[in-house]
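S.K.: My structure is in input_28.cif, and what it holds is mmCIF, C-alpha atoms and all ligand atoms:
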```
data_coords
#
loop_
_atom_site.label_atom_id
_atom_site.label_comp_id
_atom_site.auth_asym_id
_atom_site.auth_seq_id
_atom_site.Cartn_x
_atom_site.Cartn_y
_atom_site.Cartn_z
CA MET A 156 72.84 120.94 260.87
CA ALA A 157 74.17 117.38 260.86
CA GLU A 158 74.41 117.26 257.08
CA LEU A 159 76.43 120.48 257.14
CA SER A 160 78.97 119.43 259.71
CA ALA A 161 79.40 116.10 257.94
CA SER A 162 81.30 117.89 255.17
CA SER A 163 83.62 120.18 257.03
CA SER A 164 86.73 120.70 254.97
CA ALA A 165 88.60 123.93 255.62
CA SER A 166 86.77 125.78 252.86
CA ALA A 167 83.39 124.50 253.97
CA ALA A 168 83.10 124.86 257.70
CA PRO A 169 79.67 124.80 259.35
CA PRO A 170 77.93 128.18 259.11
CA ALA A 171 78.94 130.81 261.64
CA ASP A 172 76.25 131.50 264.23
CA ASP A 173 75.60 134.94 262.87
CA ALA A 174 75.70 134.00 259.17
CA LEU A 175 72.67 135.36 257.31
CA VAL A 176 73.88 133.78 254.09
CA SER A 177 75.65 130.47 254.06
CA VAL A 178 76.82 128.84 250.85
CA ARG A 179 78.45 125.41 250.77
CA HIS A 180 80.02 123.71 247.75
CA LEU A 181 77.56 125.51 245.54
CA VAL A 182 77.53 124.52 241.89
CA LYS A 183 75.21 126.06 239.32
CA ALA A 184 75.61 124.74 235.81
CA PHE A 185 74.00 125.89 232.58
CA GLY A 186 74.68 123.04 230.18
CA LYS A 187 78.44 122.67 230.19
CA THR A 188 79.07 126.08 231.74
CA ARG A 189 79.68 126.04 235.47
CA ALA A 190 78.51 129.54 236.34
CA LEU A 191 79.32 128.68 239.97
CA ASP A 192 81.91 126.05 240.67
CA ASP A 193 82.13 124.78 244.26
CA VAL A 194 81.64 128.11 246.02
CA SER A 195 81.54 128.20 249.83
CA LEU A 196 81.14 131.43 251.80
CA ASP A 197 79.24 133.07 254.66
CA VAL A 198 77.83 136.57 254.93
CA ASN A 199 77.64 137.55 258.59
CA ALA A 200 75.07 139.78 260.24
CA GLY A 201 76.10 143.41 260.03
CA GLU A 202 78.51 143.04 257.14
CA THR A 203 78.76 144.78 253.84
CA PHE A 204 80.05 141.88 251.79
CA GLY A 205 81.36 142.43 248.28
CA LEU A 206 81.22 139.98 245.39
CA ILE A 207 83.98 141.08 243.07
CA GLY A 208 84.68 139.72 239.63
CA PRO A 209 84.70 140.51 235.92
CA ASN A 210 81.69 140.00 233.66
CA GLY A 211 80.70 136.37 233.49
CA SER A 212 82.37 135.40 236.78
CA GLY A 213 79.08 134.27 238.36
CA LYS A 214 78.02 137.22 240.52
CA THR A 215 74.46 137.48 239.23
CA THR A 216 74.06 133.71 239.24
CA LEU A 217 75.01 133.61 242.93
CA ILE A 218 72.60 136.41 243.82
CA ARG A 219 69.82 134.71 241.84
CA VAL A 220 70.34 131.43 243.69
CA LEU A 221 70.22 133.36 246.98
CA LEU A 222 66.97 134.99 245.88
CA GLY A 223 65.53 131.57 245.17
CA ILE A 224 65.43 132.01 241.38
CA GLY A 225 66.75 128.70 240.11
CA ALA A 226 67.84 125.87 242.38
CA PRO A 227 71.50 124.91 242.86
CA THR A 228 72.81 122.12 240.63
CA SER A 229 74.56 120.75 243.72
CA GLY A 230 75.70 122.00 247.09
CA GLU A 231 73.51 124.30 249.10
CA ALA A 232 72.68 127.91 249.75
CA ARG A 233 70.99 129.04 252.96
CA VAL A 234 69.49 132.48 253.48
CA LEU A 235 68.33 133.42 256.99
CA GLY A 236 68.60 129.75 257.83
CA TYR A 237 66.34 128.55 255.00
CA ARG A 238 67.69 126.28 252.34
CA MET A 239 67.06 128.03 249.03
CA PRO A 240 64.84 128.14 247.12
CA ASP A 241 62.29 128.93 249.84
CA ARG A 242 59.45 131.45 249.51
CA ARG A 243 59.46 132.34 253.20
CA VAL A 244 62.61 134.41 252.77
CA ALA A 245 61.20 136.96 250.30
CA SER A 246 59.55 139.24 252.86
CA GLN A 247 62.83 139.65 254.74
CA ILE A 248 65.19 140.41 251.89
CA GLY A 249 65.52 143.37 249.58
CA TYR A 250 66.83 143.18 246.05
CA MET A 251 67.93 145.81 243.60
CA SER A 252 68.65 144.55 240.10
CA GLN A 253 70.18 146.47 237.26
CA ALA A 254 66.92 146.55 235.34
CA SER A 255 64.47 149.24 236.42
CA VAL A 256 61.29 147.94 237.99
CA LEU A 257 59.67 151.37 238.31
CA TYR A 258 56.52 152.69 236.60
CA SER A 259 57.47 155.89 234.81
CA ASP A 260 53.97 157.38 234.71
CA LEU A 261 53.51 157.02 238.47
CA SER A 262 54.99 159.48 240.96
CA VAL A 263 57.85 158.52 243.25
CA ARG A 264 55.41 158.14 246.14
CA GLU A 265 52.98 156.04 244.09
CA ASN A 266 55.77 153.71 243.00
CA LEU A 267 56.89 153.19 246.58
CA ALA A 268 53.27 152.72 247.69
CA PHE A 269 52.87 150.05 245.01
CA PHE A 270 55.92 148.09 246.17
CA GLY A 271 54.96 148.59 249.80
CA ALA A 272 51.49 147.17 249.09
CA LEU A 273 53.11 144.07 247.56
CA TYR A 274 54.64 143.46 250.98
CA GLY A 275 51.36 144.09 252.80
CA LEU A 276 52.15 147.61 254.00
CA ARG A 277 49.20 150.00 254.33
CA GLY A 278 48.12 153.26 255.94
CA ALA A 279 50.36 155.03 258.42
CA GLY A 280 52.96 152.24 258.39
CA LEU A 281 53.34 152.54 254.63
CA ALA A 282 53.47 156.35 254.78
CA ALA A 283 56.21 156.18 257.41
CA ARG A 284 58.28 153.77 255.32
CA ILE A 285 57.91 155.97 252.23
CA THR A 286 59.15 158.97 254.21
CA ALA A 287 62.05 157.04 255.74
CA THR A 288 63.28 155.51 252.48
CA LEU A 289 63.00 158.81 250.59
CA GLU A 290 64.99 160.55 253.30
CA LEU A 291 67.67 157.91 253.06
CA VAL A 292 68.14 158.51 249.32
CA ASP A 293 67.72 162.30 249.64
CA LEU A 294 64.58 162.44 247.53
CA ALA A 295 61.99 163.65 250.05
CA ASP A 296 61.37 166.74 247.90
CA ARG A 297 60.60 164.66 244.80
CA ARG A 298 57.86 162.47 246.20
CA ASP A 299 55.17 163.84 243.88
CA THR A 300 57.28 163.91 240.72
CA ALA A 301 56.56 161.34 238.01
CA VAL A 302 59.44 158.88 237.84
CA GLY A 303 59.61 159.26 234.06
CA VAL A 304 60.82 162.86 234.25
CA LEU A 305 63.56 162.19 236.83
CA SER A 306 67.22 161.91 235.86
CA GLY A 307 68.65 158.40 235.52
CA GLY A 308 70.54 158.83 238.77
CA MET A 309 67.43 159.85 240.65
CA ARG A 310 65.50 156.91 239.20
CA GLN A 311 68.20 154.60 240.46
CA ARG A 312 67.85 156.15 243.92
CA VAL A 313 64.09 155.51 243.79
CA SER A 314 64.87 151.88 242.88
CA LEU A 315 67.00 151.62 246.01
CA ALA A 316 64.17 153.12 248.09
CA ALA A 317 61.76 150.57 246.55
CA ALA A 318 64.09 147.71 247.50
CA LEU A 319 64.04 148.97 251.09
CA ILE A 320 60.35 149.76 251.51
CA HIS A 321 59.57 146.63 253.58
CA GLN A 322 62.59 147.21 255.85
CA PRO A 323 64.53 144.08 254.90
CA ARG A 324 67.39 143.10 257.18
CA LEU A 325 69.32 141.63 254.29
CA LEU A 326 69.86 143.49 251.03
CA PHE A 327 71.14 142.07 247.73
CA LEU A 328 72.55 144.64 245.32
CA ASP A 329 73.60 143.41 241.88
CA GLU A 330 76.02 145.91 240.34
CA PRO A 331 74.04 148.84 241.68
CA THR A 332 76.53 151.42 240.42
CA VAL A 333 77.04 150.18 236.88
CA GLY A 334 76.63 152.92 234.29
CA ILE A 335 76.24 155.81 236.71
CA ASP A 336 78.51 158.81 237.01
CA PRO A 337 81.37 158.87 239.54
CA GLU A 338 79.70 161.38 241.82
CA LEU A 339 76.52 159.34 242.15
CA ARG A 340 78.56 156.17 242.66
CA LEU A 341 80.14 157.71 245.73
CA GLN A 342 76.73 158.88 246.89
CA PHE A 343 75.34 155.35 246.53
CA TRP A 344 78.13 153.95 248.64
CA ASP A 345 77.30 156.56 251.27
CA TYR A 346 73.69 155.30 251.25
CA PHE A 347 74.90 151.71 251.62
CA GLU A 348 77.05 152.76 254.56
CA ARG A 349 74.10 154.52 256.22
CA LEU A 350 71.94 151.44 255.72
CA ASN A 351 74.64 149.21 257.11
CA GLN A 352 74.90 151.45 260.16
CA GLN A 353 71.13 151.06 260.59
CA GLY A 354 71.74 147.32 260.87
CA VAL A 355 71.09 146.14 257.31
CA THR A 356 73.40 143.38 256.11
CA ILE A 357 74.42 143.95 252.50
CA LEU A 358 75.65 141.64 249.76
CA VAL A 359 76.77 143.79 246.85
CA SER A 360 78.32 142.75 243.56
CA THR A 361 80.55 144.95 241.47
CA HIS A 362 83.23 144.73 238.85
CA ALA A 363 84.50 148.19 239.82
CA LEU A 364 87.51 147.28 241.91
CA ASP A 365 87.82 150.75 243.42
CA GLU A 366 84.54 150.08 245.25
CA ALA A 367 86.01 147.02 246.95
CA LYS A 368 87.51 148.95 249.82
CA ARG A 369 84.06 150.12 250.94
CA CYS A 370 83.16 146.52 251.90
CA HIS A 371 84.01 144.77 255.17
CA ARG A 372 84.90 141.56 253.36
CA LEU A 373 85.30 140.55 249.76
CA ALA A 374 84.87 137.39 247.76
CA LEU A 375 86.82 137.40 244.50
CA LEU A 376 85.16 135.33 241.78
CA ARG A 377 86.67 134.20 238.52
CA PHE A 378 85.01 131.80 236.07
CA GLY A 379 82.57 130.77 238.78
CA LYS A 380 85.27 129.93 241.31
CA LEU A 381 86.03 131.66 244.57
CA ILE A 382 89.69 132.63 244.26
CA ALA A 383 90.08 134.67 247.46
CA LEU A 384 88.02 135.78 250.44
CA ASP A 385 89.08 138.21 253.15
CA THR A 386 88.97 141.82 254.28
CA PRO A 387 90.13 144.36 251.67
CA ALA A 388 93.20 145.18 253.77
CA ALA A 389 94.18 141.53 254.20
CA LEU A 390 93.70 140.81 250.49
CA LEU A 391 95.90 143.73 249.52
CA LEU A 392 98.55 142.82 252.10
CA ALA A 393 98.71 139.14 251.13
CA SER A 394 98.97 140.03 247.45
CA GLY A 395 101.77 142.50 248.01
CA GLN A 396 100.03 144.83 245.55
CA GLU A 397 99.12 148.48 245.91
CA ASP A 398 95.61 148.51 244.49
CA PHE A 399 92.73 146.14 243.89
CA ASP A 400 93.21 145.94 240.14
CA GLN A 401 96.71 144.58 240.69
CA ALA A 402 95.61 142.44 243.62
CA PHE A 403 92.84 140.84 241.57
CA LEU A 404 95.36 139.99 238.84
CA TYR A 405 97.62 138.47 241.48
CA TYR A 406 94.84 136.17 242.75
CA ALA A 407 93.77 135.35 239.20
CA ARG A 408 97.32 134.28 238.27
CA ARG A 409 97.63 132.29 241.48
CA ASP A 410 94.40 130.50 240.63
CA GLU A 411 95.59 129.85 237.09
CA SER A 412 98.86 128.29 238.23
CA ALA A 413 96.98 126.19 240.82
CA ASP A 414 94.77 124.98 237.96
CA SER A 415 97.68 124.02 235.75
CA ALA A 416 99.48 122.35 238.68
CA ALA A 417 96.31 120.33 239.39
CA ALA A 418 96.09 119.40 235.70
CA THR A 419 99.71 118.23 235.76
CA VAL A 420 99.08 116.13 238.88
CA ALA A 421 95.95 114.62 237.33
CA HIS A 422 97.85 113.89 234.14
CA THR A 423 100.78 112.31 236.02
CA SER A 424 98.59 110.15 238.23
CA ALA A 425 96.55 109.07 235.20
CA ALA A 426 99.81 107.99 233.55
CA HIS A 427 100.61 105.81 236.56
CA GLU A 428 97.30 103.96 236.56
N1 LIG A 501 70.38 131.57 232.22
C1 LIG A 501 71.58 131.25 231.75
N2 LIG A 501 71.75 130.35 230.77
C2 LIG A 501 72.97 130.02 230.30
N3 LIG A 501 74.12 130.54 230.77
C3 LIG A 501 74.03 131.43 231.75
C4 LIG A 501 72.77 131.85 232.30
N4 LIG A 501 73.02 132.76 233.29
C5 LIG A 501 74.36 132.90 233.34
N5 LIG A 501 74.97 132.12 232.44
C6 LIG A 501 76.43 132.02 232.24
O1 LIG A 501 77.02 131.86 233.50
C7 LIG A 501 78.23 132.60 233.59
C8 LIG A 501 78.15 133.58 234.75
O2 LIG A 501 77.22 134.60 234.43
P1 LIG A 501 76.77 135.71 235.45
O3 LIG A 501 76.38 135.07 236.73
O4 LIG A 501 75.72 136.53 234.78
O5 LIG A 501 78.10 136.54 235.66
P2 LIG A 501 78.33 138.03 236.18
O6 LIG A 501 77.08 138.47 236.87
O7 LIG A 501 79.51 137.93 237.08
O8 LIG A 501 78.64 138.85 234.98
C9 LIG A 501 78.42 133.25 232.23
O9 LIG A 501 79.27 132.41 231.50
C10 LIG A 501 77.03 133.29 231.67
O10 LIG A 501 77.08 133.26 230.27
MG MG A 502 75.89 140.18 236.54
#
```
Could you quickly redo this structure as structure tokens?
M.R.:
Amino acid sequence: MAELSASSSASAAPPADDALVSVRHLVKAFGKTRALDDVSLDVNAGETFGLIGPNGSGKTTLIRVLLGIGAPTSGEARVLGYRMPDRRVASQIGYMSQASVLYSDLSVRENLAFFGALYGLRGAGLAARITATLELVDLADRRDTAVGVLSGGMRQRVSLAAALIHQPRLLFLDEPTVGIDPELRLQFWDYFERLNQQGVTILVSTHALDEAKRCHRLALLRFGKLIALDTPAALLLASGQEDFDQAFLYYARRDESADSAAATVAHTSAAHE
């Protein structure tokens, strides 16, 4: 706690009491690339928090650091109070990646039983979780179907059920709706809303700006930097734009001109030395 409050600039206040995720001055570099460049943010209990940014803006890198895959280069990331990476967090968080983790020759139920067993679920408890997650994604009637013969959209719904089998209170979704048809995208957001109403805190990344309004708060990322963070309504209002595509461009341009102003200042002060 002391180390956190020692560095309390406006963008890096101590974590809120109900923050499940707390990121401070996080830098993650790959060689010369700063995939994350001094990012500070909190995700509060009960929120659906969106990470918005184009390809390469650092969304996956942030989620991977929060999952404990790869340590920060500098700064810190806390999940459920633990400074990441920390193995103790795994049993309490759910994660759905873009890549399928399902076994196509096993049935829906067998897949979920496999993932449940990884988390130590057995017997009646496991059966109850399988029923509950399949109901959530409207697949109760497909429990005995082999995953390999399901449609892509249904497989993605099974992946979501698998990420939820151990009843995590915090869920990380990395571009969960990429490459799926518009109807299913809406359906997925309805599932996320249901989950959120059941008390699950969600961190979801997307580059589909029309999905932004379904989140309680948004962090806009660009080249690894946090360029804006607020509710969707406040971000739209402050930008003076009508939609998120335009608003994102507004914040991107603002960030660009701040960069060039900073470069000018640095250049000027260097000239005076
Ligand atoms: N393992 C890695 N090695 C080298 N560069 C990486 C690695 N992972 C990500 N990057 C780079 O970091 C930047 C951010 O990538 P990423 O987090 O995947 O963005 P996003 O998920 O927003 O598309 C990109 O420039 C990407 O090339
Ligand atoms: Mg990504």
S.K.: With ligand LIG 501 (chain A) as the partner and 6 Å as the cut-off, tabulate the residues of chain A that qualify, each row holding the nearest pair of atoms and their distance in Å to one decimal, using all atoms listed in the file, sorted by chain and rising number, as a Markdown table.
M.R.:
```
| residue | atom | partner | partner_atom | distance |
| --- | --- | --- | --- | --- |
| A:Phe185 | CA | A:LIG501 | C2 | 4.8 |
| A:Ala190 | CA | A:LIG501 | O1 | 4.0 |
| A:Pro209 | CA | A:LIG501 | O7 | 5.9 |
| A:Asn210 | CA | A:LIG501 | O8 | 3.5 |
| A:Gly211 | CA | A:LIG501 | O5 | 3.4 |
| A:Ser212 | CA | A:LIG501 | O7 | 3.8 |
| A:Gly213 | CA | A:LIG501 | O3 | 3.3 |
| A:Lys214 | CA | A:LIG501 | O7 | 3.8 |
| A:Thr215 | CA | A:LIG501 | O6 | 3.7 |
| A:Thr216 | CA | A:LIG501 | O3 | 3.7 |
```
S.K.: Report the centre and edge lengths, in Å to one decimal, of an axis-aligned box enclosing every atom of range 187-193 of chain A listed in the file, padded by 6 Å on each side, as AutoDock Vina command-line options.
M.R.:
```
--center_x 80.3 --center_y 126.1 --center_z 237.2 --size_x 15.7 --size_y 18.9 --size_z 26.1
```
S.K.: Would you mind listing what lies within 6 Å of range 252-269 of chain A as a PyMOL selection string, with all atoms listed in the file counted and same-chain residues fewer than 4 positions away left out?
M.R.: chain A and resi 298-303+317+329
S.K.: Nearest to Trp344 in chain A among A:Pro240, A:Gly271, A:Gly280, A:Pro331, with distances taken over all atoms listed in the file: which residue is it?
M.R.: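 Among the listed residues, A:Pro331 lies closest to Trp344 in chain A.
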S.K.: For the point (88.6, 131.4, 243.4) in file coordinates, what residues are within 10 Å, counting only C-alpha atoms? Give the answer as a list in words?
M.R.: Asp192, Asp193, Val194, Gly208, Ser212, Ala374, Leu375, Leu376, Arg377, Phe378, Gly379, Lys380, Leu381, Ile382, Ala383, Leu384, Tyr406, Ala407, Arg409, Asp410 and Glu411 of chain A
